[in-house]
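K.L.:
Coordinates in run-v4.cif, mmCIF, C-alpha atoms, are listed below.
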data_structure
loop_
_atom_site.label_atom_id
_atom_site.label_comp_id
_atom_site.auth_asym_id
_atom_site.auth_seq_id
_atom_site.Cartn_x
_atom_site.Cartn_y
_atom_site.Cartn_z
CA MET A 24 189.87 332.51 27.40
CA PRO A 25 190.02 334.81 24.35
CA SER A 26 190.98 333.43 20.94
CA MET A 27 194.65 333.94 20.09
CA THR A 28 197.01 333.60 17.16
CA LEU A 29 199.96 331.23 17.37
CA ALA A 30 202.30 334.15 18.04
CA GLU A 31 200.11 335.39 20.90
CA LYS A 32 199.94 331.90 22.41
CA ILE A 33 203.72 331.54 22.43
CA ILE A 34 204.24 334.99 23.90
CA ALA A 35 201.61 334.39 26.57
CA SER A 36 203.22 331.10 27.51
CA ALA A 37 206.68 332.67 27.72
CA ALA A 38 205.29 335.51 29.83
CA GLY A 39 203.46 333.14 32.19
CA LEU A 40 200.09 334.64 31.28
CA SER A 41 196.81 333.06 30.23
CA SER A 42 196.47 335.47 27.30
CA VAL A 43 197.96 338.57 25.67
CA THR A 44 196.66 341.16 23.23
CA PRO A 45 198.46 343.20 20.54
CA GLY A 46 200.09 346.33 21.92
CA GLU A 47 200.52 344.90 25.41
CA ILE A 48 204.08 344.98 26.78
CA VAL A 49 205.16 341.81 28.59
CA THR A 50 208.36 340.22 29.84
CA CYS A 51 209.10 336.78 28.41
CA LYS A 52 211.39 333.99 29.53
CA VAL A 53 213.66 332.94 26.68
CA ASP A 54 213.76 329.24 25.77
CA LEU A 55 216.78 329.56 23.47
CA ALA A 56 219.30 332.22 22.44
CA MET A 57 221.58 331.96 19.41
CA ILE A 58 224.63 334.10 18.65
CA HIS A 59 227.17 333.99 15.83
CA ASP A 60 230.75 335.13 15.38
CA SER A 61 229.87 338.62 14.15
CA SER A 62 227.55 339.92 16.87
CA GLY A 63 228.26 337.31 19.56
CA PRO A 64 231.42 336.89 21.65
CA ARG A 65 233.26 339.93 20.30
CA ARG A 66 230.31 342.26 20.98
CA ALA A 67 227.59 340.85 23.25
CA GLY A 68 230.10 338.59 25.00
CA LYS A 69 232.49 341.47 25.62
CA MET A 70 229.72 343.60 27.16
CA LEU A 71 228.56 340.71 29.33
CA ASP A 72 232.09 340.23 30.64
CA GLU A 73 232.38 343.95 31.38
CA LEU A 74 229.25 343.66 33.53
CA GLY A 75 230.85 340.75 35.37
CA VAL A 76 227.73 338.57 35.36
CA PRO A 77 227.42 334.91 34.31
CA ILE A 78 225.34 333.45 31.50
CA TRP A 79 221.88 332.69 32.85
CA ASP A 80 221.73 329.15 31.42
CA LYS A 81 224.54 327.74 29.30
CA GLU A 82 222.30 324.93 28.04
CA LYS A 83 220.06 327.51 26.36
CA LEU A 84 222.79 329.39 24.50
CA VAL A 85 223.98 328.24 21.05
CA VAL A 86 227.07 329.71 19.36
CA ILE A 87 227.64 329.23 15.62
CA THR A 88 230.40 330.65 13.42
CA ASP A 89 229.37 331.58 9.88
CA HIS A 90 230.05 335.24 9.05
CA TYR A 91 233.86 335.38 9.11
CA THR A 92 234.74 331.81 8.24
CA ASN A 93 235.35 332.12 4.48
CA ASP A 94 238.25 334.59 4.45
CA PRO A 95 241.75 333.92 5.86
CA ASP A 96 242.42 337.64 6.27
CA PRO A 97 243.80 338.88 9.62
CA GLY A 98 240.53 340.52 10.66
CA SER A 99 238.47 337.37 10.13
CA LEU A 100 241.05 335.19 11.85
CA LYS A 101 241.04 337.51 14.85
CA ILE A 102 237.25 337.32 15.11
CA GLN A 103 237.39 333.51 15.01
CA ALA A 104 240.09 333.49 17.71
CA ILE A 105 237.95 335.72 19.94
CA THR A 106 234.95 333.45 19.40
CA HIS A 107 236.79 330.22 20.22
CA LYS A 108 238.47 331.69 23.29
CA TRP A 109 235.22 333.09 24.69
CA VAL A 110 233.37 329.80 24.17
CA ASN A 111 236.20 327.83 25.76
CA ASP A 112 236.48 330.23 28.70
CA LYS A 113 232.72 329.95 29.34
CA LYS A 114 232.77 326.18 28.82
CA LEU A 115 229.71 326.39 26.58
CA PRO A 116 228.25 323.01 25.53
CA HIS A 117 226.61 324.09 22.26
CA PHE A 118 229.27 325.44 19.91
CA PHE A 119 229.22 324.73 16.16
CA PRO A 120 232.20 326.24 14.33
CA GLU A 121 232.35 326.35 10.54
CA GLN A 122 229.41 324.02 9.97
CA GLY A 123 227.34 326.46 7.98
CA ILE A 124 224.91 329.33 8.35
CA CYS A 125 223.40 329.72 11.81
CA HIS A 126 219.76 329.86 10.73
CA VAL A 127 220.03 326.46 9.05
CA VAL A 128 222.51 324.81 11.43
CA LEU A 129 220.28 325.62 14.43
CA PRO A 130 217.29 323.46 13.36
CA GLU A 131 219.59 320.82 11.85
CA LYS A 132 221.04 320.30 15.32
CA GLY A 133 217.55 319.88 16.81
CA PHE A 134 217.27 323.11 18.82
CA LEU A 135 213.92 324.32 17.44
CA LYS A 136 210.37 323.05 17.83
CA PRO A 137 206.82 324.43 18.04
CA GLY A 138 205.97 326.71 20.94
CA LEU A 139 209.46 327.91 21.81
CA PHE A 140 210.20 331.60 22.43
CA CYS A 141 213.65 332.21 20.94
CA VAL A 142 215.99 335.09 20.15
CA GLY A 143 218.91 335.28 17.75
CA GLY A 144 221.67 337.80 17.27
CA ASP A 145 220.86 338.26 13.59
CA SER A 146 217.94 339.81 11.71
CA HIS A 147 217.19 336.59 9.81
CA SER A 148 216.61 334.64 13.01
CA THR A 149 212.99 334.86 11.88
CA THR A 150 213.80 331.64 9.96
CA GLY A 151 212.88 329.73 13.14
CA GLY A 152 209.22 330.48 12.52
CA ALA A 153 209.15 327.72 9.89
CA PHE A 154 209.16 325.28 12.82
CA GLY A 155 206.31 326.91 14.75
CA ALA A 156 208.73 328.70 17.09
CA PHE A 157 208.50 332.43 17.80
CA MET A 158 212.03 333.61 17.00
CA VAL A 159 213.13 337.22 16.67
CA GLY A 160 216.39 338.91 15.77
CA ILE A 161 217.85 341.25 18.38
CA GLY A 162 220.90 343.49 18.66
CA ALA A 163 224.02 342.89 20.72
CA THR A 164 222.89 345.10 23.62
CA GLU A 165 219.57 343.28 23.91
CA MET A 166 221.42 339.98 23.71
CA VAL A 167 223.54 340.96 26.71
CA GLY A 168 220.34 341.39 28.71
CA VAL A 169 219.09 337.98 27.59
CA MET A 170 222.37 336.25 28.37
CA ALA A 171 222.42 337.84 31.83
CA THR A 172 218.78 337.34 32.82
CA GLY A 173 217.15 334.87 30.41
CA GLU A 174 214.36 337.39 29.85
CA ILE A 175 213.37 340.08 27.37
CA TRP A 176 210.41 342.44 27.10
CA ILE A 177 208.26 342.55 23.99
CA ARG A 178 205.34 344.56 22.74
CA VAL A 179 202.87 341.98 21.48
CA PRO A 180 202.75 342.45 17.69
CA GLN A 181 199.73 342.41 15.45
CA THR A 182 199.46 339.65 12.86
CA LEU A 183 199.50 340.02 9.08
CA ARG A 184 198.06 336.86 7.56
CA VAL A 185 199.30 335.97 4.08
CA ASN A 186 197.05 333.33 2.54
CA ILE A 187 198.76 331.68 -0.42
CA SER A 188 196.26 329.54 -2.27
CA GLY A 189 196.63 327.21 -5.24
CA GLN A 190 199.94 325.58 -6.01
CA LEU A 191 203.28 326.66 -7.43
CA SER A 192 203.90 325.76 -11.05
CA PRO A 193 207.12 324.04 -12.20
CA GLY A 194 210.03 326.48 -12.09
CA LEU A 195 208.60 328.50 -9.22
CA ALA A 196 209.59 328.47 -5.57
CA ALA A 197 208.94 330.08 -2.21
CA LYS A 198 211.52 332.73 -3.15
CA ASP A 199 209.20 333.91 -5.92
CA VAL A 200 206.34 334.15 -3.42
CA ILE A 201 208.27 336.25 -0.93
CA LEU A 202 209.78 338.51 -3.59
CA LYS A 203 206.30 339.12 -4.97
CA LEU A 204 205.16 340.03 -1.46
CA CYS A 205 208.13 342.38 -1.02
CA GLY A 206 207.13 344.10 -4.23
CA GLU A 207 203.50 344.41 -3.21
CA ILE A 208 203.85 345.76 0.33
CA GLY A 209 207.43 347.02 0.47
CA VAL A 210 210.31 346.37 2.83
CA MET A 211 208.49 347.98 5.75
CA GLY A 212 205.05 346.73 4.79
CA ALA A 213 204.78 344.49 7.85
CA ASN A 214 206.59 346.76 10.29
CA TYR A 215 206.52 345.25 13.81
CA MET A 216 203.98 342.62 12.80
CA VAL A 217 204.07 338.84 12.71
CA VAL A 218 203.64 337.50 9.19
CA ASP A 219 201.51 334.37 9.42
CA TYR A 220 201.93 332.37 6.20
CA CYS A 221 199.12 329.94 5.44
CA GLY A 222 197.10 328.43 2.60
CA THR A 223 197.28 325.37 0.39
CA ALA A 224 200.51 326.43 -1.30
CA VAL A 225 202.28 326.78 2.05
CA GLN A 226 200.91 323.48 3.32
CA ALA A 227 202.38 321.79 0.24
CA MET A 228 205.84 323.29 0.81
CA SER A 229 208.78 321.42 2.27
CA ILE A 230 210.46 322.76 5.40
CA ASP A 231 213.27 324.13 3.22
CA GLU A 232 210.77 326.22 1.29
CA ARG A 233 208.92 327.34 4.42
CA MET A 234 212.22 328.53 5.85
CA THR A 235 212.60 330.86 2.86
CA LEU A 236 209.26 332.51 3.66
CA THR A 237 209.96 333.03 7.35
CA ASN A 238 213.57 334.05 6.72
CA MET A 239 212.54 336.92 4.49
CA ALA A 240 209.84 338.16 6.85
CA ALA A 241 212.77 340.36 7.89
CA GLU A 242 212.71 341.98 4.44
CA LEU A 243 209.09 342.99 5.12
CA GLY A 244 210.09 344.75 8.34
CA ALA A 245 208.26 342.10 10.37
CA LYS A 246 209.00 341.18 13.96
CA THR A 247 209.05 337.59 12.76
CA GLY A 248 207.38 335.13 10.40
CA LEU A 249 205.42 332.06 11.46
CA ILE A 250 203.96 328.94 9.90
CA VAL A 251 201.58 326.83 11.95
CA PRO A 252 203.22 323.44 12.57
CA ASP A 253 201.81 320.31 10.94
CA LYS A 254 202.88 316.79 9.99
CA VAL A 255 205.53 318.18 7.63
CA THR A 256 207.01 319.99 10.63
CA SER A 257 206.92 317.03 12.99
CA ASP A 258 208.33 314.61 10.39
CA TRP A 259 211.28 316.91 9.69
CA LEU A 260 211.99 317.55 13.37
CA THR A 261 211.70 313.87 14.22
CA ALA A 262 214.30 313.10 11.56
CA ALA A 263 216.52 315.75 13.16
CA GLY A 264 216.27 313.94 16.49
CA VAL A 265 213.86 316.30 18.25
CA LYS A 266 211.74 314.76 21.01
CA ASN A 267 208.40 315.76 22.57
CA ILE A 268 207.07 317.64 19.55
CA ASP A 269 203.74 319.27 20.36
CA ILE A 270 201.70 320.40 17.38
CA MET A 271 198.13 320.42 18.62
CA ASN A 272 198.62 323.10 21.28
CA TRP A 273 200.39 325.47 18.89
CA GLN A 274 197.74 326.34 16.32
CA ASN A 275 195.93 329.56 15.49
CA ASP A 276 192.56 329.74 17.21
CA LYS A 277 189.80 329.76 14.62
CA ASN A 278 188.41 333.14 15.62
CA ALA A 279 191.70 334.85 16.46
CA THR A 280 191.86 338.48 15.33
CA VAL A 281 194.43 339.51 12.75
CA ALA A 282 195.20 343.06 11.61
CA LYS A 283 195.12 342.33 7.88
CA VAL A 284 194.82 339.49 5.39
CA ILE A 285 196.62 339.38 2.04
CA ASP A 286 195.50 336.78 -0.49
CA MET A 287 197.86 335.47 -3.16
CA ASP A 288 197.22 332.84 -5.83
CA ALA A 289 200.38 330.79 -6.30
CA THR A 290 199.02 329.19 -9.46
CA THR A 291 199.18 332.45 -11.43
CA LEU A 292 202.59 333.53 -10.14
CA CYS A 293 205.47 334.14 -12.55
CA PRO A 294 209.13 333.78 -11.48
CA GLN A 295 210.18 337.00 -9.75
CA VAL A 296 213.39 338.99 -9.86
CA ALA A 297 214.29 341.93 -7.60
CA ALA A 298 216.37 344.63 -9.28
CA PRO A 299 219.11 346.61 -7.54
CA SER A 300 219.18 347.80 -4.85
CA ASN A 301 216.15 346.78 -2.83
CA PRO A 302 214.19 343.52 -2.47
CA GLU A 303 210.99 345.45 -3.13
CA ASN A 304 212.14 346.33 -6.69
CA THR A 305 210.45 343.15 -7.83
CA SER A 306 208.87 342.27 -11.14
CA ASP A 307 208.26 339.25 -13.37
CA VAL A 308 211.47 337.69 -14.66
CA THR A 309 210.30 338.41 -18.20
CA ASP A 310 210.50 342.15 -17.46
CA TYR A 311 214.26 341.78 -16.90
CA SER A 312 214.97 339.14 -19.55
CA GLY A 313 218.17 339.89 -21.45
CA THR A 314 219.79 341.88 -18.65
CA CYS A 315 223.46 340.84 -18.67
CA VAL A 316 225.01 339.51 -15.48
CA ASP A 317 228.63 338.65 -14.70
CA GLN A 318 228.07 336.34 -11.75
CA ALA A 319 225.48 333.84 -10.52
CA TYR A 320 225.60 332.94 -6.84
CA ILE A 321 223.55 330.19 -5.19
CA GLY A 322 224.14 330.63 -1.49
CA ALA A 323 222.93 332.08 1.82
CA CYS A 324 220.43 330.97 4.45
CA THR A 325 217.67 331.90 2.02
CA GLY A 326 218.81 330.13 -1.09
CA ALA A 327 221.26 327.26 -0.59
CA LYS A 328 219.31 324.62 1.28
CA LEU A 329 219.07 321.16 -0.26
CA ALA A 330 215.81 322.03 -2.04
CA ASP A 331 217.48 325.07 -3.61
CA LEU A 332 220.46 323.07 -4.84
CA ARG A 333 218.07 320.55 -6.37
CA MET A 334 216.20 323.37 -8.15
CA ALA A 335 219.43 324.67 -9.64
CA ALA A 336 220.46 321.16 -10.71
CA ALA A 337 217.12 320.65 -12.45
CA VAL A 338 217.84 323.72 -14.59
CA VAL A 339 221.50 323.12 -15.45
CA ARG A 340 221.41 319.33 -15.91
CA GLY A 341 223.06 318.51 -19.24
CA HIS A 342 224.07 322.14 -19.90
CA LYS A 343 227.21 324.22 -19.49
CA GLY A 344 227.43 327.70 -18.07
CA VAL A 345 228.14 330.44 -20.57
CA LYS A 346 231.83 331.18 -21.13
CA GLY A 347 233.22 333.85 -18.85
CA MET A 348 230.40 333.56 -16.34
CA ARG A 349 231.30 333.35 -12.66
CA PHE A 350 229.04 330.63 -11.22
CA PHE A 351 229.32 329.87 -7.50
CA VAL A 352 227.44 327.48 -5.24
CA ALA A 353 227.86 327.63 -1.45
CA PRO A 354 225.64 325.06 0.32
CA ALA A 355 224.05 326.53 3.43
CA THR A 356 225.63 323.91 5.74
CA THR A 357 228.26 321.21 5.56
CA HIS A 358 225.49 318.67 6.22
CA ILE A 359 223.59 319.89 3.16
CA GLN A 360 226.78 319.78 1.12
CA ASP A 361 227.32 316.14 2.15
CA LEU A 362 223.75 315.22 1.22
CA ALA A 363 223.98 317.02 -2.13
CA GLN A 364 227.29 315.30 -2.86
CA THR A 365 225.95 311.85 -1.98
CA GLU A 366 222.86 312.14 -4.15
CA GLY A 367 224.76 313.57 -7.13
CA THR A 368 223.27 317.07 -7.06
CA LEU A 369 226.64 318.77 -6.56
CA GLU A 370 228.16 316.86 -9.47
CA ILE A 371 225.41 318.11 -11.78
CA LEU A 372 226.14 321.69 -10.69
CA LYS A 373 229.90 321.25 -11.06
CA ASP A 374 229.47 319.67 -14.50
CA ALA A 375 227.64 322.84 -15.52
CA GLY A 376 230.61 324.93 -14.41
CA ALA A 377 229.73 325.78 -10.83
CA VAL A 378 232.55 326.33 -8.35
CA VAL A 379 231.56 324.97 -4.94
CA LEU A 380 232.49 327.32 -2.07
CA PRO A 381 232.64 326.61 1.68
CA SER A 382 229.43 326.79 3.67
CA GLY A 383 228.90 330.15 5.36
CA CYS A 384 227.51 333.63 4.80
CA GLY A 385 230.19 334.32 2.18
CA GLY A 386 228.98 336.16 -0.90
CA CYS A 387 225.76 337.32 0.77
CA ILE A 388 227.77 339.74 2.90
CA GLY A 389 230.57 340.42 0.42
CA GLN A 390 233.00 337.87 1.84
CA GLY A 391 235.11 335.29 0.04
CA ALA A 392 235.43 334.41 -3.63
CA ALA A 393 231.83 335.38 -4.46
CA ARG A 394 232.28 339.01 -3.46
CA LEU A 395 231.27 341.16 -6.42
CA GLU A 396 233.99 343.28 -7.98
CA GLU A 397 233.87 346.92 -9.05
CA ASN A 398 231.11 347.62 -11.60
CA MET A 399 230.12 343.96 -11.64
CA THR A 400 226.50 342.83 -11.98
CA GLY A 401 225.34 339.68 -10.26
CA ILE A 402 222.23 337.65 -9.56
CA SER A 403 221.92 335.61 -6.40
CA THR A 404 219.60 333.62 -4.16
CA THR A 405 220.40 335.86 -1.19
CA ASN A 406 217.80 337.87 0.70
CA ARG A 407 219.19 341.39 0.32
CA ASN A 408 220.70 343.42 -2.51
CA PHE A 409 221.34 346.76 -0.83
CA VAL A 410 224.15 348.97 -2.17
CA GLY A 411 227.53 347.72 -0.98
CA ARG A 412 226.27 344.58 0.74
CA ALA A 413 227.68 341.99 -1.65
CA GLY A 414 230.57 344.04 -2.98
CA PRO A 415 231.68 347.62 -3.70
CA ALA A 416 229.08 350.36 -4.12
CA SER A 417 229.62 350.30 -7.88
CA SER A 418 228.40 346.68 -8.12
CA GLU A 419 224.77 345.77 -8.69
CA LEU A 420 222.84 342.71 -7.54
CA TYR A 421 219.58 341.12 -8.69
CA LEU A 422 217.74 338.58 -6.54
CA GLY A 423 215.92 335.49 -7.68
CA SER A 424 215.15 331.87 -6.87
CA ALA A 425 217.68 329.09 -7.36
CA TYR A 426 215.83 328.27 -10.58
CA SER A 427 216.33 331.80 -11.92
CA VAL A 428 219.94 332.13 -10.79
CA ALA A 429 220.84 328.80 -12.39
CA ALA A 430 219.20 329.87 -15.66
CA ALA A 431 221.27 333.06 -15.67
CA ALA A 432 224.43 331.01 -15.12
CA LEU A 433 223.69 329.16 -18.36
CA THR A 434 222.93 332.22 -20.49
CA GLY A 435 224.88 335.10 -18.94
CA GLU A 436 221.69 337.11 -18.66
CA ILE A 437 218.48 337.10 -16.67
CA THR A 438 216.38 334.32 -18.14
CA ASP A 439 213.04 332.69 -17.42
CA PRO A 440 214.08 329.38 -15.83
CA ARG A 441 211.03 327.61 -17.20
CA GLU A 442 212.77 327.55 -20.59
CA PHE A 443 215.11 324.88 -19.17
CA LEU A 444 212.50 322.71 -17.45
#
Would you write out, as C-alpha cells, the structure that this file holds?

P.N.:
Amino acid sequence: MPSMTLAEKIIASAAGLSSVTPGEIVTCKVDLAMIHDSSGPRRAGKMLDELGVPIWDKEKLVVITDHYTNDPDPGSLKIQAITHKWVNDKKLPHFFPEQGICHVVLPEKGFLKPGLFCVGGDSHSTTGGAFGAFMVGIGATEMVGVMATGEIWIRVPQTLRVNISGQLSPGLAAKDVILKLCGEIGVMGANYMVVDYCGTAVQAMSIDERMTLTNMAAELGAKTGLIVPDKVTSDWLTAAGVKNIDIMNWQNDKNATVAKVIDMDATTLCPQVAAPSNPENTSDVTDYSGTCVDQAYIGACTGAKLADLRMAAAVVRGHKGVKGMRFFVAPATTHIQDLAQTEGTLEILKDAGAVVLPSGCGGCIGQGAARLEENMTGISTTNRNFVGRAGPASSELYLGSAYSVAAAALTGEITDPREFL
C-alpha cells in the first residue's frame, strides 16, 4: 500500500478505497454534517424540502444557532423562528440553540474525533482539523446533496506542510503564527490544498490554540487544515466525553508525499497585526504601534476560546482600559463563559472595562453591540477584516491575537502586548 498523508487516509476510508492520490476524484460517505442558522434550515433545509426527500441520517446532522442570535431585530427573529420550526418538524436529535459558535460548540458536545470525514455549512468548518478530523466547509447547495444522500464527491487535495519549530515566546499565540503565514503566502496561497501543521511549537499547543490554526486555514484558501492527533487530542476529547478515540491509525505515513513544505521558527516570531482590509496585510505589531483604534473586540471562533480569554486577562490584570475605548468580550460559547466566570478570568476583564457580550458570531459579522460604526477603527481577534464585514464600508479593522487586542484596549492604540507581561 502506498504511503499516504492523514488527509489521504481519511478520504480513502470515507470512499471505501485502500488508497487515494492527489487529483483523483472520489465519492465519500459523510460521517457528520453541521449546519447553522444562516445557511442551514432557511436555505439548505428549504431546498431539501422542495425536493421532497428525507434527511439521510438524522443522527449525523447537527444544527447550531450562532449567526443571528445576538440581535432582536425582526430579520434575525424570523431566521431563528425558521430554524426552530424546521428542526422541530424534522424531529432532529442534535440541536444546540444559542450555546455559542458552531465551530467550538461542535467539539465541546463530543461530535468530532480523529479519522472522521465531516462537512459544515460554513467556511471555518476547517476548525475540525484540530481534532484529526477531515472537515470542509461547503455551500448550501452542496449541503442539500449531503443531507439527501450522505455522500459528497471530492478531488483529493495536495498537502502543504507547515513545520513550526521552536516555541512561542511569552505574549505570542497561534494567531500570530497564522497571521504571519497569511502574510507570507497570501489568502490564496494554499488554494485547494490541505494545510498540515506540525513541528515542536504545534505539539506544545493546547487544543484551543490548534483550533486557531486549522480555523484560519480558510484564510489561506485551503480545502482544510489538519493537525495529526496525539495525547493532547485524546485527553481533550476524553474530557468532552468522546469514546473510542483512535490515534494510532490516523497519522501521516513517514514517506508520504507532500506538495510543499514551509518552515517557520516560532522562537523568533514577533506579535503580528493584519491591517485593513485583508488578513494577508500582516506585519510585526511594532510596525503599527501608535495607530489609534476606537474599539477592541475579543470574540469569534478564532479568538474567544478559554485560552484567548486567559491571554487577554494576563495583559489587562490590574489595569483599566483607556477612557472612551469600546472594549468588548464575547466568549465563543456559553460553556467557555461559565468556565471563565468560575475561574475569575471574566472578572479580571470586566475590572479592566470590558463589556461581556452574548456568545455567538456577533461582532465578527457586524452583528450586535460590537458592530463597528461609520468611520470607526477597530482591532479584533476575528479571522477576517474585509471591507464591510464588521461594520459599514467606512470602518476599518485590524486583526491580532487576544494579547494584542487586550493591549490596545488599555492604550487606545495598537501596542506590543509584551509591554504588559

K.L.:
Convert the output of the PyMOL selection byres ((chain A and resi 424) around 9) on the shown file into explicit residues, formatted as a ChimeraX atom specification.

P.N.:
/A:195-199,294-296,321,326,331,334-335,403-405,422-423,425-429

K.L.:
Just checking: using only C-alpha atoms, which residue out of A:Ala375, A:Leu395, A:Val284, A:Val128 ends up closest to Lys346 of chain A?

P.N.:
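Selected residue with least distance to Lys346 of chain A: A:Ala375.
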
K.L.:
So how far away is atom CA of Leu100 of chain A from atom CA of Val76 of chain A, in Å?

P.N.:
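Here the two named atoms are 27.2 Å from each other.
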
K.L.:
In Å, how far is it from atom CA of Gly435 of chain A to atom CA of Val316 of chain A?

P.N.:
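According to the coordinates, atom CA of Gly435 of chain A and atom CA of Val316 of chain A are separated by 5.6 Å.
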
K.L.:
On this file, the PyMOL selection byres ((chain A and resi 240-254) around 7) gives some set of residues; write that set as a PyMOL selection string.

P.N.:
chain A and resi 137+146-147+149+152-155+158-159+205+209-221+236-239+255-258+270+274

K.L.:
Which residue gives the smallest distance to Val43 of chain A among A:Pro116, A:Gly347, A:Pro180, A:Gly264, with only C-alpha atoms counted?

P.N.:
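Selected residue with least distance to Val43 of chain A: A:Pro180.
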
K.L.:
Assuming the chain letters and numbering stay as they are in my file, what does the PyMOL selection byres ((chain A and resi 66) around 12) actually select? List them as an NGL selection string.

P.N.:
:A and (58-65 or 67-73 or 102 or 105-106 or 109 or 144 or 162-167)

K.L.:
What is the distance between atom CA of Cys293 of chain A and atom CA of Asp307 of chain A, in Å to one decimal?

P.N.:
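So the two atoms, atom CA of Cys293 of chain A and atom CA of Asp307 of chain A, lie 5.9 Å apart.
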
K.L.:
For Thr223 of chain A, find every residue with an atom within 9 Å (counting all atoms listed in the file), except residues of its own chain fewer than 2 positions away, and show them as a PDB file with C-alpha atoms, in the frame of the given file.

P.N.:
ATOM      1  CA  ASN A 186     197.050 333.330   2.540  1.00  0.00           C
ATOM      2  CA  ILE A 187     198.760 331.680  -0.420  1.00  0.00           C
ATOM      3  CA  SER A 188     196.260 329.540  -2.270  1.00  0.00           C
ATOM      4  CA  GLY A 189     196.630 327.210  -5.240  1.00  0.00           C
ATOM      5  CA  GLN A 190     199.940 325.580  -6.010  1.00  0.00           C
ATOM      6  CA  CYS A 221     199.120 329.940   5.440  1.00  0.00           C
ATOM      7  CA  VAL A 225     202.280 326.780   2.050  1.00  0.00           C
ATOM      8  CA  GLN A 226     200.910 323.480   3.320  1.00  0.00           C
ATOM      9  CA  ALA A 227     202.380 321.790   0.240  1.00  0.00           C
ATOM     10  CA  MET A 228     205.840 323.290   0.810  1.00  0.00           C
TER      11      MET A 228
END

K.L.:
Show which residues sit within 8 Å of Phe443 of chain A, as a list of chain:residue names. Count all atoms listed in the file, and ignore same-chain residues fewer than 3 positions away.

P.N.:
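Near Phe443 of chain A, the qualifying residues are A:Val338, A:Val339, A:Ala430, A:Pro440.
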
K.L.:
Can you give me all heavy atoms for segment 274-279 of chain A, written as an mmCIF file, keeping the file's coordinate frame?

P.N.:
data_model
loop_
_atom_site.group_PDB
_atom_site.id
_atom_site.type_symbol
_atom_site.label_atom_id
_atom_site.label_comp_id
_atom_site.auth_asym_id
_atom_site.auth_seq_id
_atom_site.Cartn_x
_atom_site.Cartn_y
_atom_site.Cartn_z
ATOM 1 N N GLN A 274 198.495 326.013 17.527
ATOM 2 C CA GLN A 274 197.740 326.340 16.320
ATOM 3 C C GLN A 274 197.089 327.712 16.504
ATOM 4 O O GLN A 274 196.926 328.197 17.619
ATOM 5 C CB GLN A 274 196.651 325.290 16.080
ATOM 6 C CG GLN A 274 197.161 323.862 15.943
ATOM 7 C CD GLN A 274 197.868 323.615 14.635
ATOM 8 O OE1 GLN A 274 197.370 323.970 13.565
ATOM 9 N NE2 GLN A 274 199.045 323.002 14.707
ATOM 10 N N ASN A 275 196.741 328.344 15.399
ATOM 11 C CA ASN A 275 195.930 329.560 15.490
ATOM 12 C C ASN A 275 194.518 329.187 15.932
ATOM 13 O O ASN A 275 193.940 328.233 15.403
ATOM 14 C CB ASN A 275 195.847 330.255 14.123
ATOM 15 C CG ASN A 275 197.139 330.916 13.709
ATOM 16 O OD1 ASN A 275 197.806 331.552 14.518
ATOM 17 N ND2 ASN A 275 197.497 330.776 12.439
ATOM 18 N N ASP A 276 193.960 329.920 16.882
ATOM 19 C CA ASP A 276 192.560 329.740 17.210
ATOM 20 C C ASP A 276 191.715 330.196 16.024
ATOM 21 O O ASP A 276 192.049 331.176 15.343
ATOM 22 C CB ASP A 276 192.183 330.530 18.460
ATOM 23 C CG ASP A 276 192.756 329.905 19.724
ATOM 24 O OD1 ASP A 276 193.054 328.695 19.708
ATOM 25 O OD2 ASP A 276 192.910 330.640 20.723
ATOM 26 N N LYS A 277 190.628 329.502 15.804
ATOM 27 C CA LYS A 277 189.800 329.760 14.620
ATOM 28 C C LYS A 277 189.336 331.204 14.534
ATOM 29 O O LYS A 277 189.318 331.797 13.445
ATOM 30 C CB LYS A 277 188.591 328.821 14.625
ATOM 31 C CG LYS A 277 187.740 328.911 13.373
ATOM 32 C CD LYS A 277 186.614 327.896 13.396
ATOM 33 C CE LYS A 277 185.773 327.967 12.127
ATOM 34 N NZ LYS A 277 184.648 326.980 12.137
ATOM 35 N N ASN A 278 188.961 331.790 15.646
ATOM 36 C CA ASN A 278 188.410 333.140 15.620
ATOM 37 C C ASN A 278 189.400 334.207 16.070
ATOM 38 O O ASN A 278 189.008 335.322 16.432
ATOM 39 C CB ASN A 278 187.161 333.197 16.518
ATOM 40 C CG ASN A 278 186.061 332.274 16.019
ATOM 41 O OD1 ASN A 278 185.811 332.199 14.819
ATOM 42 N ND2 ASN A 278 185.419 331.557 16.935
ATOM 43 N N ALA A 279 190.687 333.879 16.042
ATOM 44 C CA ALA A 279 191.700 334.850 16.460
ATOM 45 C C ALA A 279 191.691 336.059 15.526
ATOM 46 O O ALA A 279 191.531 335.927 14.310
ATOM 47 C CB ALA A 279 193.064 334.196 16.471
#
